[in-house]
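**Student:** Could you have a look at this structure, given as structure tokens, before my questions?
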Amino acid sequence: LREECGVSGWTLLQFLGDAVLVPAGAPHQVQALTGTISVEQRFLSPENAARLRGHSTPPQLCAQLDGMLFSAVREAVGVLRSCK
């Protein structure tokens with residue numbers, strides 16, 4: 001990949017108690033050397049929310065997007081009400 005696309009890989013050893021954060025959209029590969037438990041959380045950033053509305057979006061992301069929009073509108077209404 002480095003020669004073809006200019007992409008460099010990283011090797012990371014994770015030990016008991018370590019957490020690894022992989023940025024959203026970043027391709028990654030995992031090789032478990034022992035038995036492991038993996039916890040994954042998909043996060044929808046506000047920057048990407050606008051791009052999702054016009055595409056076929058998985059139901060989980062639609063629900064997260066709807067919640068994000070509801071929270072943003074609720075906060076905006078609260079700010080406007082406090083300006084009276």
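Residue names in the structure tokens use chain letters A, B, ... in the order shown, residue numbers from 1 in each chain, and ligand numbers from 1 in the order shown.
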Mind checking which residues fall within 12 Å of Gly9 of chain A, counting only C-alpha atoms, ignoring those fewer than 4 positions away in the same chain, and posting them as a list in words?
**Tutor:**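 Result of the neighbour search: Leu1, Arg2, Glu3, Cys5, Ala26, Pro27, His28 and Gln29 of chain A.
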**Student:** Return the single residue from A:Gln64, A:Thr36, A:Gln31, A:Ser56 that is closest to Leu16 of chain A, with distances computed using only C-alpha atoms.
**Tutor:**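 Among A:Gln64, A:Thr36, A:Gln31, A:Ser56, it is A:Thr36 that comes nearest to Leu16 of chain A.
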**Student:** Between atom CA of Ala19 of chain A and atom CA of Ile37 of chain A, what is the distance in Å, rounded to a tenth?
**Tutor:**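 Answer for the atom CA of Ala19 of chain A to atom CA of Ile37 of chain A separation: 11.6 Å.
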